[in-house]
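Colleague: You'll find model.txt just under this line, and it carries compact mmCIF, C-alpha atoms and all ligand atoms.
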# COMPACT_ATOMS: atom_id res chain seq x y z
CA MET A 1 -2.08 -0.95 -53.89
CA PRO A 2 -5.73 -1.69 -53.05
CA ARG A 3 -8.14 -2.02 -55.94
CA ARG A 4 -10.50 0.25 -54.12
CA PRO A 5 -9.33 2.89 -51.65
CA SER A 6 -10.86 2.38 -48.21
CA PRO A 7 -12.16 5.42 -46.37
CA ASP A 8 -9.45 7.06 -44.34
CA LEU A 9 -11.54 8.49 -41.52
CA GLU A 10 -8.80 10.69 -40.06
CA THR A 11 -8.25 12.50 -43.35
CA TYR A 12 -11.94 13.32 -43.75
CA SER A 13 -12.32 14.28 -40.10
CA ALA A 14 -9.28 16.61 -40.31
CA ARG A 15 -10.77 18.25 -43.41
CA ARG A 16 -14.04 18.84 -41.58
CA SER A 17 -12.15 20.33 -38.61
CA ARG A 18 -10.24 22.74 -40.86
CA LEU A 19 -13.49 23.74 -42.53
CA ALA A 20 -15.17 24.38 -39.17
CA ASP A 21 -12.13 26.37 -37.99
CA SER A 22 -12.38 28.62 -41.05
CA LEU A 23 -15.72 29.93 -39.73
CA ARG A 24 -15.38 29.37 -35.98
CA ASP A 25 -16.66 32.85 -35.00
CA GLU A 26 -19.58 32.81 -37.41
CA ASN A 27 -22.25 30.62 -35.75
CA ALA A 28 -22.74 28.85 -39.07
CA VAL A 29 -23.83 25.38 -40.13
CA LEU A 30 -22.73 23.68 -43.35
CA VAL A 31 -24.82 21.51 -45.65
CA LEU A 32 -23.36 19.30 -48.38
CA TYR A 33 -25.16 17.10 -50.86
CA GLY A 34 -23.75 14.10 -52.72
CA GLY A 35 -25.99 14.40 -55.76
CA GLU A 36 -28.32 12.11 -57.63
CA LEU A 37 -28.12 9.46 -60.31
CA ARG A 38 -28.46 11.04 -63.75
CA THR A 39 -30.47 9.52 -66.57
CA ARG A 40 -28.44 8.46 -69.59
CA SER A 41 -31.47 7.50 -71.69
CA ASN A 42 -34.88 6.04 -71.01
CA ASP A 43 -34.45 3.99 -67.81
CA THR A 44 -30.64 3.69 -67.74
CA GLU A 45 -28.37 5.88 -65.70
CA PHE A 46 -24.79 7.10 -65.80
CA ARG A 47 -22.51 5.50 -63.26
CA PHE A 48 -22.76 7.59 -60.11
CA ARG A 49 -19.98 9.98 -59.22
CA PRO A 50 -20.43 11.91 -55.96
CA ASP A 51 -20.26 15.67 -55.82
CA SER A 52 -16.58 16.64 -55.43
CA ASP A 53 -16.96 18.76 -52.29
CA PHE A 54 -19.27 16.24 -50.65
CA HIS A 55 -16.90 13.33 -51.20
CA TYR A 56 -13.85 15.39 -50.24
CA MET A 57 -15.42 16.12 -46.84
CA THR A 58 -17.12 12.80 -46.08
CA GLY A 59 -15.69 9.95 -48.17
CA LEU A 60 -19.27 8.88 -48.90
CA GLU A 61 -19.94 7.86 -52.48
CA GLU A 62 -23.66 7.06 -52.63
CA PRO A 63 -26.37 8.93 -54.48
CA GLY A 64 -28.96 10.78 -52.43
CA ALA A 65 -26.75 11.39 -49.37
CA LEU A 66 -26.55 14.64 -47.42
CA ALA A 67 -24.18 15.82 -44.71
CA LEU A 68 -24.64 18.51 -42.08
CA LEU A 69 -21.58 19.86 -40.31
CA LEU A 70 -22.27 21.66 -37.04
CA PRO A 71 -19.18 23.42 -35.70
CA GLY A 72 -18.53 23.29 -31.96
CA ALA A 73 -17.09 26.03 -29.80
CA GLN A 74 -13.49 24.86 -29.43
CA PRO A 75 -10.78 25.56 -32.02
CA GLY A 76 -9.59 22.31 -33.61
CA GLU A 77 -12.72 20.52 -32.47
CA PRO A 78 -14.28 18.55 -35.34
CA PRO A 79 -17.80 19.67 -36.20
CA ARG A 80 -20.69 17.36 -35.40
CA PHE A 81 -21.21 15.30 -38.56
CA VAL A 82 -24.83 14.38 -39.22
CA ALA A 83 -25.40 12.16 -42.24
CA PHE A 84 -28.60 11.45 -44.12
CA VAL A 85 -28.39 8.42 -46.41
CA ARG A 86 -30.72 6.01 -48.17
CA PRO A 87 -32.01 3.43 -45.68
CA ARG A 88 -30.96 -0.18 -46.03
CA ASP A 89 -33.51 -2.05 -48.15
CA PRO A 90 -32.59 -5.64 -49.03
CA ALA A 91 -35.21 -5.89 -51.79
CA ALA A 92 -34.08 -2.67 -53.50
CA GLU A 93 -30.40 -3.52 -52.99
CA VAL A 94 -30.83 -6.73 -55.00
CA TRP A 95 -31.68 -4.50 -57.98
CA SER A 96 -29.59 -1.40 -57.59
CA GLY A 97 -26.67 -2.29 -55.38
CA ARG A 98 -25.57 -2.17 -51.77
CA ARG A 99 -26.28 0.81 -49.57
CA VAL A 100 -24.28 1.98 -46.62
CA GLY A 101 -27.35 2.81 -44.51
CA PRO A 102 -27.40 5.06 -41.44
CA GLN A 103 -25.59 2.53 -39.25
CA GLY A 104 -22.87 2.13 -41.88
CA ALA A 105 -22.49 5.90 -42.18
CA ILE A 106 -21.62 5.96 -38.48
CA GLU A 107 -19.45 2.84 -38.37
CA GLN A 108 -17.61 3.12 -41.70
CA PHE A 109 -17.58 6.87 -42.31
CA GLY A 110 -17.39 8.35 -38.82
CA ALA A 111 -20.73 10.18 -38.75
CA ASP A 112 -21.73 11.23 -35.25
CA GLU A 113 -25.39 10.68 -36.09
CA ALA A 114 -27.07 9.29 -39.18
CA TYR A 115 -30.65 9.03 -40.40
CA ALA A 116 -32.57 7.80 -43.40
CA ILE A 117 -32.80 10.54 -46.06
CA ASP A 118 -36.63 10.41 -45.90
CA GLU A 119 -36.36 11.89 -42.39
CA LEU A 120 -34.65 15.02 -43.72
CA ALA A 121 -37.78 17.18 -43.96
CA THR A 122 -38.74 16.50 -40.33
CA ARG A 123 -35.23 16.76 -38.86
CA LEU A 124 -33.67 19.63 -40.85
CA PRO A 125 -35.54 22.51 -39.14
CA GLU A 126 -34.36 21.59 -35.62
CA LEU A 127 -30.79 20.95 -36.88
CA ILE A 128 -30.39 24.45 -38.33
CA ASP A 129 -32.42 26.23 -35.65
CA GLY A 130 -30.40 28.94 -33.89
CA TYR A 131 -27.61 29.22 -36.45
CA ASP A 132 -27.12 32.63 -38.08
CA THR A 133 -25.78 31.37 -41.41
CA VAL A 134 -26.18 28.26 -43.53
CA TYR A 135 -23.38 27.47 -45.96
CA LEU A 136 -24.48 25.27 -48.85
CA PRO A 137 -23.78 24.78 -52.56
CA ILE A 138 -26.20 27.53 -53.59
CA GLY A 139 -28.19 26.71 -56.70
CA ARG A 140 -26.30 23.50 -57.48
CA TRP A 141 -29.00 21.03 -56.39
CA PRO A 142 -32.57 22.32 -56.74
CA ALA A 143 -33.82 19.62 -54.33
CA LEU A 144 -31.41 20.85 -51.65
CA ASP A 145 -32.37 24.51 -52.17
CA THR A 146 -36.02 23.51 -51.78
CA ALA A 147 -35.41 21.37 -48.68
CA LEU A 148 -33.54 24.21 -47.01
CA ALA A 149 -36.10 26.86 -47.95
CA THR A 150 -38.85 24.61 -46.59
CA ALA A 151 -36.95 24.09 -43.32
CA ILE A 152 -36.42 27.85 -42.89
CA HIS A 153 -40.08 28.47 -43.68
CA SER A 154 -41.14 26.02 -40.98
CA LEU A 155 -38.84 27.72 -38.42
CA ARG A 156 -40.31 31.12 -39.27
CA ARG A 157 -43.79 29.82 -38.60
CA ARG A 158 -42.61 28.59 -35.22
CA ASN A 159 -41.07 31.93 -34.23
CA ARG A 160 -43.31 32.20 -31.21
CA GLU A 161 -42.04 28.86 -29.93
CA GLY A 162 -38.63 30.46 -29.71
CA CYS A 163 -37.32 29.11 -33.01
CA SER A 164 -34.69 31.24 -34.66
CA PRO A 165 -34.27 30.68 -38.40
CA PRO A 166 -30.92 31.43 -40.09
CA ARG A 167 -30.70 34.92 -41.60
CA ARG A 168 -27.98 34.37 -44.17
CA LEU A 169 -26.90 31.88 -46.81
CA GLY A 170 -23.28 31.44 -47.92
CA GLU A 171 -21.55 29.51 -50.68
CA VAL A 172 -19.88 26.49 -49.13
CA GLY A 173 -17.87 25.81 -52.30
CA ASP A 174 -15.76 28.93 -51.77
CA LEU A 175 -14.69 27.68 -48.33
CA ILE A 176 -13.95 24.12 -49.45
CA GLY A 177 -12.18 25.36 -52.59
CA GLU A 178 -9.51 27.02 -50.51
CA ASP A 179 -8.89 23.79 -48.61
CA ARG A 180 -8.86 21.66 -51.78
CA LEU A 181 -6.28 24.00 -53.30
CA HIS A 182 -3.70 23.07 -50.66
CA LYS A 183 -3.23 19.32 -50.95
CA ASP A 184 -3.11 17.38 -47.69
CA ALA A 185 -1.13 14.13 -47.51
CA ALA A 186 -4.04 11.95 -48.61
CA ALA A 187 -4.96 14.27 -51.48
CA LEU A 188 -1.38 14.30 -52.70
CA ALA A 189 -1.08 10.51 -52.48
CA SER A 190 -4.26 10.07 -54.55
CA LEU A 191 -3.17 12.67 -57.05
CA ARG A 192 0.28 11.08 -57.44
CA ARG A 193 -1.38 7.73 -58.11
CA ALA A 194 -3.81 9.26 -60.65
CA ILE A 195 -0.93 10.93 -62.48
CA GLU A 196 1.25 7.81 -62.36
CA LEU A 197 -1.53 5.79 -64.04
CA SER A 198 -2.03 8.59 -66.57
CA ALA A 199 1.66 8.55 -67.51
CA ALA A 200 1.69 4.75 -67.85
CA ALA A 201 -1.29 4.93 -70.21
CA HIS A 202 0.39 7.57 -72.38
CA ILE A 203 3.45 5.33 -72.71
CA ALA A 204 1.27 2.34 -73.64
CA ALA A 205 -0.51 4.47 -76.26
CA MET A 206 2.78 5.67 -77.77
CA ARG A 207 3.99 2.07 -78.01
CA ALA A 208 0.77 0.90 -79.69
CA THR A 209 0.41 3.72 -82.23
CA ARG A 210 0.50 2.61 -85.87
CA ALA A 211 -0.80 4.24 -89.06
CA GLY A 212 -4.18 2.76 -89.94
CA MET A 213 -5.38 2.53 -86.34
CA TRP A 214 -8.36 4.61 -85.26
CA GLU A 215 -8.47 7.34 -82.66
CA TYR A 216 -11.00 5.35 -80.62
CA GLU A 217 -8.60 2.41 -80.47
CA ILE A 218 -6.05 4.64 -78.77
CA GLU A 219 -8.77 6.00 -76.50
CA ALA A 220 -9.87 2.47 -75.55
CA LEU A 221 -6.30 1.41 -74.92
CA ILE A 222 -5.64 4.37 -72.64
CA GLU A 223 -8.82 3.84 -70.67
CA TYR A 224 -8.11 0.11 -70.44
CA GLU A 225 -4.76 0.98 -68.86
CA PHE A 226 -6.55 3.21 -66.34
CA ARG A 227 -9.18 0.62 -65.42
CA ARG A 228 -6.83 -2.34 -65.43
CA GLN A 229 -4.93 -0.74 -62.57
CA GLY A 230 -8.00 0.01 -60.50
CA SER A 231 -8.82 3.54 -61.60
CA SER A 232 -12.52 4.37 -61.91
CA GLY A 233 -11.73 5.60 -65.45
CA PRO A 234 -10.83 8.88 -67.08
CA GLY A 235 -11.19 12.05 -64.99
CA TYR A 236 -12.55 13.86 -68.07
CA GLY A 237 -13.38 13.01 -71.67
CA SER A 238 -10.19 11.75 -73.31
CA ILE A 239 -9.02 13.83 -76.27
CA VAL A 240 -7.42 11.72 -79.02
CA GLY A 241 -6.93 13.83 -82.13
CA THR A 242 -4.74 13.06 -85.13
CA GLY A 243 -3.54 15.59 -87.72
CA ASP A 244 -5.90 18.54 -88.08
CA ASN A 245 -8.16 17.14 -85.29
CA ALA A 246 -5.38 18.04 -82.86
CA THR A 247 -6.00 21.71 -83.63
CA ILE A 248 -9.53 21.44 -82.15
CA LEU A 249 -8.97 22.12 -78.48
CA HIS A 250 -11.75 19.97 -77.03
CA TYR A 251 -11.95 17.34 -79.76
CA VAL A 252 -13.66 14.30 -78.25
CA ASP A 253 -15.19 12.62 -81.32
CA ASN A 254 -12.16 10.31 -81.51
CA ARG A 255 -13.32 8.52 -84.65
CA ASP A 256 -10.79 9.28 -87.39
CA GLN A 257 -8.08 7.06 -88.76
CA LEU A 258 -4.43 7.69 -87.93
CA ARG A 259 -2.49 8.42 -91.09
CA GLU A 260 1.19 8.20 -91.83
CA GLY A 261 2.82 11.61 -91.46
CA GLU A 262 0.38 13.02 -88.88
CA VAL A 263 1.01 14.11 -85.32
CA LEU A 264 -1.35 12.53 -82.77
CA LEU A 265 -2.35 14.59 -79.73
CA VAL A 266 -3.60 12.78 -76.63
CA ASP A 267 -4.95 14.66 -73.59
CA ALA A 268 -6.06 12.07 -71.03
CA GLY A 269 -5.92 11.58 -67.27
CA ALA A 270 -6.92 8.78 -64.92
CA GLU A 271 -9.10 9.31 -61.88
CA TRP A 272 -7.96 7.75 -58.59
CA ASP A 273 -10.09 8.05 -55.48
CA TYR A 274 -11.80 11.02 -57.14
CA PHE A 275 -8.59 12.87 -57.96
CA SER A 276 -7.70 13.38 -61.62
CA GLY A 277 -4.45 13.34 -63.55
CA ASP A 278 -4.17 15.59 -66.63
CA ILE A 279 -1.44 14.85 -69.14
CA THR A 280 -1.08 15.78 -72.81
CA ARG A 281 1.52 14.34 -75.13
CA SER A 282 1.84 14.66 -78.91
CA TRP A 283 3.70 12.13 -81.05
CA PRO A 284 4.23 11.24 -84.71
CA VAL A 285 2.01 8.42 -85.98
CA SER A 286 4.89 6.98 -88.00
CA GLY A 287 7.45 7.32 -85.21
CA ARG A 288 9.29 10.12 -86.99
CA PHE A 289 8.42 13.83 -86.93
CA SER A 290 8.73 15.70 -90.22
CA ALA A 291 11.17 18.64 -90.05
CA GLU A 292 8.28 21.10 -89.61
CA GLN A 293 6.55 18.95 -87.00
CA ARG A 294 9.73 18.60 -85.00
CA ALA A 295 10.38 22.34 -85.20
CA VAL A 296 6.89 23.09 -83.84
CA TYR A 297 7.32 20.39 -81.19
CA GLU A 298 10.62 21.81 -79.97
CA VAL A 299 9.11 25.28 -79.57
CA VAL A 300 6.21 23.91 -77.49
CA LEU A 301 8.58 21.77 -75.44
CA ALA A 302 10.84 24.76 -74.73
CA ALA A 303 7.77 26.71 -73.58
CA ASN A 304 6.68 23.79 -71.37
CA VAL A 305 10.11 23.54 -69.75
CA ALA A 306 10.35 27.31 -69.20
CA GLY A 307 6.83 27.40 -67.78
CA ILE A 308 7.58 24.60 -65.32
CA ALA A 309 10.75 26.38 -64.15
CA ALA A 310 8.56 29.38 -63.27
CA ALA A 311 6.34 27.24 -60.99
CA GLU A 312 8.00 28.44 -57.82
CA VAL A 313 6.76 29.66 -54.46
CA GLY A 314 5.78 33.30 -55.00
CA GLY A 315 5.28 32.78 -58.75
CA SER A 316 1.82 32.70 -60.27
CA ILE A 317 -0.27 31.17 -63.00
CA ASP A 318 -0.14 34.51 -64.82
CA ALA A 319 3.67 34.56 -64.63
CA ILE A 320 3.85 31.02 -66.07
CA HIS A 321 1.57 32.09 -68.90
CA GLU A 322 3.76 35.12 -69.67
CA THR A 323 6.90 32.95 -69.61
CA CYS A 324 5.40 30.43 -72.02
CA LEU A 325 4.03 33.15 -74.31
CA LYS A 326 7.48 34.67 -74.65
CA VAL A 327 9.00 31.36 -75.76
CA LEU A 328 6.09 30.61 -78.10
CA CYS A 329 6.27 34.05 -79.74
CA GLU A 330 10.01 33.69 -80.33
CA GLY A 331 9.34 30.29 -81.90
CA ILE A 332 6.48 31.58 -84.04
CA ALA A 333 8.80 34.27 -85.43
CA GLU A 334 11.72 31.90 -85.92
CA LEU A 335 9.61 29.33 -87.77
CA GLY A 336 8.22 32.12 -89.97
CA LEU A 337 4.63 31.33 -89.04
CA ILE A 338 4.08 35.05 -88.63
CA ASP A 339 6.27 37.57 -90.41
CA ALA A 340 6.92 39.87 -87.45
CA LYS A 341 9.33 40.32 -84.57
CA PRO A 342 8.67 38.28 -81.38
CA ASP A 343 7.87 41.45 -79.41
CA ALA A 344 5.25 42.51 -81.93
CA ILE A 345 3.72 39.02 -81.97
CA LEU A 346 3.47 39.19 -78.18
CA GLU A 347 2.32 42.78 -77.78
CA GLN A 348 -0.24 42.70 -80.59
CA ARG A 349 -1.33 39.24 -79.45
CA LEU A 350 -0.84 37.87 -82.94
CA TYR A 351 0.04 34.50 -81.36
CA ARG A 352 -3.65 33.95 -80.66
CA ARG A 353 -4.03 32.49 -84.14
CA PHE A 354 -1.90 29.53 -83.01
CA TYR A 355 -2.26 29.64 -79.21
CA MET A 356 -5.72 30.54 -77.99
CA HIS A 357 -5.89 29.13 -74.47
CA ARG A 358 -4.35 29.87 -71.09
CA THR A 359 -1.35 27.86 -69.93
CA SER A 360 -2.34 26.56 -66.49
CA HIS A 361 -5.16 25.59 -64.18
CA TRP A 362 -5.37 24.11 -60.70
CA LEU A 363 -5.56 20.33 -60.59
CA GLY A 364 -7.14 18.10 -57.95
CA VAL A 365 -10.48 16.42 -57.39
CA ASP A 366 -11.69 18.15 -60.52
CA VAL A 367 -9.48 18.36 -63.57
CA HIS A 368 -10.12 22.09 -63.67
CA ASP A 369 -9.98 22.36 -59.94
CA VAL A 370 -11.47 24.90 -57.55
CA GLY A 371 -9.61 27.57 -55.59
CA ARG A 372 -9.30 31.25 -56.38
CA TYR A 373 -6.89 32.38 -59.08
CA THR A 374 -6.58 35.92 -57.74
CA LEU A 375 -6.29 37.44 -54.30
CA GLY A 376 -7.38 41.04 -53.90
CA GLY A 377 -7.38 41.45 -57.67
CA ASP A 378 -3.76 40.28 -58.08
CA PRO A 379 -2.52 36.94 -59.40
CA ARG A 380 -2.38 34.52 -56.49
CA PRO A 381 1.21 33.80 -55.42
CA PHE A 382 2.04 30.09 -55.36
CA ALA A 383 2.36 28.35 -52.00
CA PRO A 384 3.70 24.85 -51.29
CA GLY A 385 1.11 22.10 -51.70
CA GLN A 386 -0.67 23.59 -54.72
CA VAL A 387 -0.84 21.52 -57.91
CA LEU A 388 -1.31 22.98 -61.36
CA THR A 389 -0.83 22.12 -65.01
CA VAL A 390 1.61 23.68 -67.46
CA GLU A 391 0.27 23.09 -70.95
CA PRO A 392 1.47 25.30 -73.77
CA GLY A 393 0.63 24.33 -77.34
CA LEU A 394 0.63 25.46 -80.95
CA TYR A 395 -2.28 24.70 -83.24
CA ILE A 396 -1.96 25.32 -86.96
CA SER A 397 -5.13 24.68 -88.92
CA ALA A 398 -4.95 22.58 -92.09
CA SER A 399 -6.75 25.39 -93.90
CA ASP A 400 -4.31 28.11 -92.83
CA GLU A 401 -2.84 29.14 -96.16
CA SER A 402 -0.76 31.90 -94.62
CA VAL A 403 1.86 29.41 -93.46
CA ALA A 404 4.12 27.11 -95.47
CA GLU A 405 2.37 23.89 -96.44
CA GLY A 406 4.49 21.66 -94.23
CA PHE A 407 3.20 23.43 -91.12
CA ARG A 408 -0.50 23.02 -91.88
CA GLY A 409 -2.59 20.61 -89.82
CA ILE A 410 -0.15 20.30 -86.91
CA GLY A 411 -1.45 20.48 -83.34
CA VAL A 412 1.02 20.03 -80.50
CA ARG A 413 0.38 20.41 -76.78
CA ILE A 414 2.68 19.21 -74.00
CA GLU A 415 1.04 19.21 -70.59
CA ASP A 416 2.57 18.34 -67.24
CA ASP A 417 1.23 18.32 -63.69
CA VAL A 418 3.37 20.28 -61.25
CA LEU A 419 3.48 20.40 -57.45
CA ILE A 420 4.68 23.63 -55.85
CA THR A 421 7.26 22.87 -53.15
CA ALA A 422 9.63 25.04 -51.12
CA ALA A 423 12.49 23.36 -53.01
CA GLY A 424 11.05 24.25 -56.43
CA PRO A 425 8.63 22.65 -58.90
CA GLU A 426 8.11 18.89 -58.73
CA VAL A 427 6.87 17.46 -62.04
CA LEU A 428 4.40 14.77 -60.97
CA SER A 429 3.97 13.63 -64.58
CA ALA A 430 7.70 13.24 -65.23
CA LYS A 431 7.30 9.55 -66.06
CA ALA A 432 5.56 10.42 -69.33
CA PRO A 433 8.43 11.01 -71.80
CA LYS A 434 8.45 14.27 -73.74
CA ALA A 435 11.88 14.64 -75.38
CA ALA A 436 11.26 14.35 -79.14
CA ASP A 437 13.79 11.53 -79.62
CA GLU A 438 12.41 9.57 -76.68
CA VAL A 439 8.84 9.89 -77.90
CA GLU A 440 9.80 8.82 -81.44
CA ALA A 441 11.72 5.83 -80.10
CA LEU A 442 8.74 4.66 -78.05
CA VAL A 443 6.41 4.80 -81.08
CA ARG A 444 8.94 3.01 -83.30
CA GLY A 445 10.17 0.51 -80.75
CA GLY A 446 6.70 -0.70 -79.72
MN MN B 1 -5.29 20.54 -68.57
Could you take the file, read its structure, and then write that structure out as structure tokens?
Ligand SMILES: [Mn+2]
Modeller:
Amino acid sequence: MPRRPSPDLETYSARRSRLADSLRDENAVLVLYGGELRTRSNDTEFRFRPDSDFHYMTGLEEPGALALLLPGAQPGEPPRFVAFVRPRDPAAEVWSGRRVGPQGAIEQFGADEAYAIDELATRLPELIDGYDTVYLPIGRWPALDTALATAIHSLRRRNREGCSPPRRLGEVGDLIGEDRLHKDAAALASLRRAIELSAAAHIAAMRATRAGMWEYEIEALIEYEFRRQGSSGPGYGSIVGTGDNATILHYVDNRDQLREGEVLLVDAGAEWDYFSGDITRSWPVSGRFSAEQRAVYEVVLAANVAGIAAAEVGGSIDAIHETCLKVLCEGIAELGLIDAKPDAILEQRLYRRFYMHRTSHWLGVDVHDVGRYTLGGDPRPFAPGQVLTVEPGLYISASDESVAEGFRGIGVRIEDDVLITAAGPEVLSAKAPKAADEVEALVRGG
């Protein structure tokens, strides 16, 4: 496995062809922007991560790069790919790193033409001249909005020379989102690798867990596992919450001490070639669940398993949610967390005290990935090649005096990543153990 994935030109070119085909009769041009370095503080910057759509379509991963895709007339024909990148500059590269340069954009990334980004203002008007519509990420990059508006303005002024400025703008993200939702072979390979690394890190964290450690130690260990195997790091801020912290859904402080008798919740996923894994596991700090903790765990696990079984072609994210809710409500009643019948807990939505989020989201380049959740107002039926999470949980606050004391301060979520296939759900995160006994054994066995 290479430490750094090399650009697979055919994959990116095929993606650009599909994108062009999706608007073949529209006389439209597409503009994508890779984004800028962001300031962390004073004169230091965050490590650059390219815009998801931009990288998905080009493979380029430099700040300040722009791509124009100009569809041709023939179906299946790849659009003309014009890249604008930072020019090579040996003196600047000594300070801030290597640049691909226009020549490199052509040779390494398959651009048909490439120019220095400082030529954008002079070249953009002629490139978009005569197209009816420009698709771009509207409002995402103020500099891009301005560059485009300026180019259109200049074409309008040259109307008498026969210039014909575009009349419409469209959101390019909607088009790319539909393609990203259906994983091609390269996307699936990257996603499998991201999830494999995520599972390995969860196992390492279970093995290392001991009372007295700190949440940030577990976080560091998980992210070390990611990086050690060549991942660029976590695909989102790792959540490492022990005891009552696990009942805070997006807890990212990660600075408490792990105490005997608590359940530790870890929601962390590695990024591989800009695809993200997303796994949550919950385990006892001491290696043994209390009776109440195990009872809560088993309810969440049953919901997770039932939800995954519903991840079939023709099913939907809404149907998975309903399936999980049913199991959770039965469990809530059985454990006596709410003194009511399961049907009443479901219908009156009383479960929201312990389960306040949805069960699934698309997974891909972004952890909460793009792609529409409804079609014509109805839940979108699953099709092969889509990847989603199934992540039921129960969160009982330490200050909830309405439940028996043993249940207070327990947060459990069990999250898997699932590929929809014609043969049924494939659990991509299956290597991360989730049976209560297995999880306990890993913590105890080291
Ligand atoms: Mn998730």
Colleague: Pick out the closest residue to ligand MN 1 (chain B) from this set: A:Arg294, A:Arg281, A:Arg86, A:His153. Count all atoms listed in the file.
Modeller: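 Among the listed residues, A:Arg281 lies closest to ligand MN 1 (chain B).
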Colleague: For ligand MN 1 (chain B), which residue among A:Val403, A:Gly269, A:Pro379, A:Ala430 is the nearest when counting all atoms listed in the file?
Modeller: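 Smallest distance to ligand MN 1 (chain B) is found for A:Gly269.
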Colleague: May I ask which of the residues A:Asp278, A:Val412, A:Gly385, A:Leu328 is the closest one to ligand MN 1 (chain B), counting only C-alpha atoms and all ligand atoms?
Modeller: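 Nearest candidate to ligand MN 1 (chain B) out of A:Asp278, A:Val412, A:Gly385, A:Leu328: A:Asp278.
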Colleague: Kindly give the distance, in Å, that separates atom CA of Leu9 of chain A and atom CA of Glu426 of chain A, rounded to a single decimal.
Modeller: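 The value is 28.1 Å.
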Colleague: Calculated over all atoms listed in the file, which of the candidates A:Arg227, A:His182, A:Arg98, A:His361 has the smallest distance to ligand MN 1 (chain B)?
Modeller: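 Among the listed residues, the smallest separation from ligand MN 1 (chain B) belongs to A:His361.
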Colleague: Need the neighbours of (-2.4, 6.2, -64.9): which residues are at most 9 Å away, counting only C-alpha atoms, as an MDAnalysis selection string?
Modeller: chainID A and resid 193:202 222:223 225:227 229 231 269:272 277
Colleague: At most 12 Å is the cut-off: for each residue in chain A with any atom that close to an atom of ligand MN 1 (chain B), write down the nearest atom pair and the distance in Å rounded to one decimal, counting all atoms listed in the file, chain first then increasing number, as JSON lines.
Modeller:
{"residue": "A:Gly235", "atom": "CA", "partner": "B:MN1", "partner_atom": "MN", "distance": 10.9}
{"residue": "A:Tyr236", "atom": "CA", "partner": "B:MN1", "partner_atom": "MN", "distance": 9.9}
{"residue": "A:Gly237", "atom": "CA", "partner": "B:MN1", "partner_atom": "MN", "distance": 11.5}
{"residue": "A:Ser238", "atom": "CA", "partner": "B:MN1", "partner_atom": "MN", "distance": 11.1}
{"residue": "A:Ile239", "atom": "CA", "partner": "B:MN1", "partner_atom": "MN", "distance": 10.9}
{"residue": "A:Leu249", "atom": "CA", "partner": "B:MN1", "partner_atom": "MN", "distance": 10.7}
{"residue": "A:His250", "atom": "CA", "partner": "B:MN1", "partner_atom": "MN", "distance": 10.7}
{"residue": "A:Val266", "atom": "CA", "partner": "B:MN1", "partner_atom": "MN", "distance": 11.3}
{"residue": "A:Asp267", "atom": "CA", "partner": "B:MN1", "partner_atom": "MN", "distance": 7.7}
{"residue": "A:Ala268", "atom": "CA", "partner": "B:MN1", "partner_atom": "MN", "distance": 8.9}
{"residue": "A:Gly269", "atom": "CA", "partner": "B:MN1", "partner_atom": "MN", "distance": 9.1}
{"residue": "A:Ser276", "atom": "CA", "partner": "B:MN1", "partner_atom": "MN", "distance": 10.3}
{"residue": "A:Gly277", "atom": "CA", "partner": "B:MN1", "partner_atom": "MN", "distance": 8.8}
{"residue": "A:Asp278", "atom": "CA", "partner": "B:MN1", "partner_atom": "MN", "distance": 5.4}
{"residue": "A:Ile279", "atom": "CA", "partner": "B:MN1", "partner_atom": "MN", "distance": 6.9}
{"residue": "A:Thr280", "atom": "CA", "partner": "B:MN1", "partner_atom": "MN", "distance": 7.6}
{"residue": "A:Arg281", "atom": "CA", "partner": "B:MN1", "partner_atom": "MN", "distance": 11.3}
{"residue": "A:His357", "atom": "CA", "partner": "B:MN1", "partner_atom": "MN", "distance": 10.4}
{"residue": "A:Arg358", "atom": "CA", "partner": "B:MN1", "partner_atom": "MN", "distance": 9.7}
{"residue": "A:Thr359", "atom": "CA", "partner": "B:MN1", "partner_atom": "MN", "distance": 8.4}
{"residue": "A:Ser360", "atom": "CA", "partner": "B:MN1", "partner_atom": "MN", "distance": 7.0}
{"residue": "A:His361", "atom": "CA", "partner": "B:MN1", "partner_atom": "MN", "distance": 6.7}
{"residue": "A:Trp362", "atom": "CA", "partner": "B:MN1", "partner_atom": "MN", "distance": 8.6}
{"residue": "A:Leu363", "atom": "CA", "partner": "B:MN1", "partner_atom": "MN", "distance": 8.0}
{"residue": "A:Gly364", "atom": "CA", "partner": "B:MN1", "partner_atom": "MN", "distance": 11.1}
{"residue": "A:Asp366", "atom": "CA", "partner": "B:MN1", "partner_atom": "MN", "distance": 10.6}
{"residue": "A:Val367", "atom": "CA", "partner": "B:MN1", "partner_atom": "MN", "distance": 6.9}
{"residue": "A:His368", "atom": "CA", "partner": "B:MN1", "partner_atom": "MN", "distance": 7.1}
{"residue": "A:Asp369", "atom": "CA", "partner": "B:MN1", "partner_atom": "MN", "distance": 10.0}
{"residue": "A:Val387", "atom": "CA", "partner": "B:MN1", "partner_atom": "MN", "distance": 11.6}
{"residue": "A:Leu388", "atom": "CA", "partner": "B:MN1", "partner_atom": "MN", "distance": 8.6}
{"residue": "A:Thr389", "atom": "CA", "partner": "B:MN1", "partner_atom": "MN", "distance": 5.9}
{"residue": "A:Val390", "atom": "CA", "partner": "B:MN1", "partner_atom": "MN", "distance": 7.7}
{"residue": "A:Glu391", "atom": "CA", "partner": "B:MN1", "partner_atom": "MN", "distance": 6.6}
{"residue": "A:Pro392", "atom": "CA", "partner": "B:MN1", "partner_atom": "MN", "distance": 9.8}
{"residue": "A:Gly393", "atom": "CA", "partner": "B:MN1", "partner_atom": "MN", "distance": 11.2}
{"residue": "A:Arg413", "atom": "CA", "partner": "B:MN1", "partner_atom": "MN", "distance": 10.0}
{"residue": "A:Ile414", "atom": "CA", "partner": "B:MN1", "partner_atom": "MN", "distance": 9.7}
{"residue": "A:Glu415", "atom": "CA", "partner": "B:MN1", "partner_atom": "MN", "distance": 6.8}
{"residue": "A:Asp416", "atom": "CA", "partner": "B:MN1", "partner_atom": "MN", "distance": 8.3}
{"residue": "A:Asp417", "atom": "CA", "partner": "B:MN1", "partner_atom": "MN", "distance": 8.4}
{"residue": "A:Val418", "atom": "CA", "partner": "B:MN1", "partner_atom": "MN", "distance": 11.3}
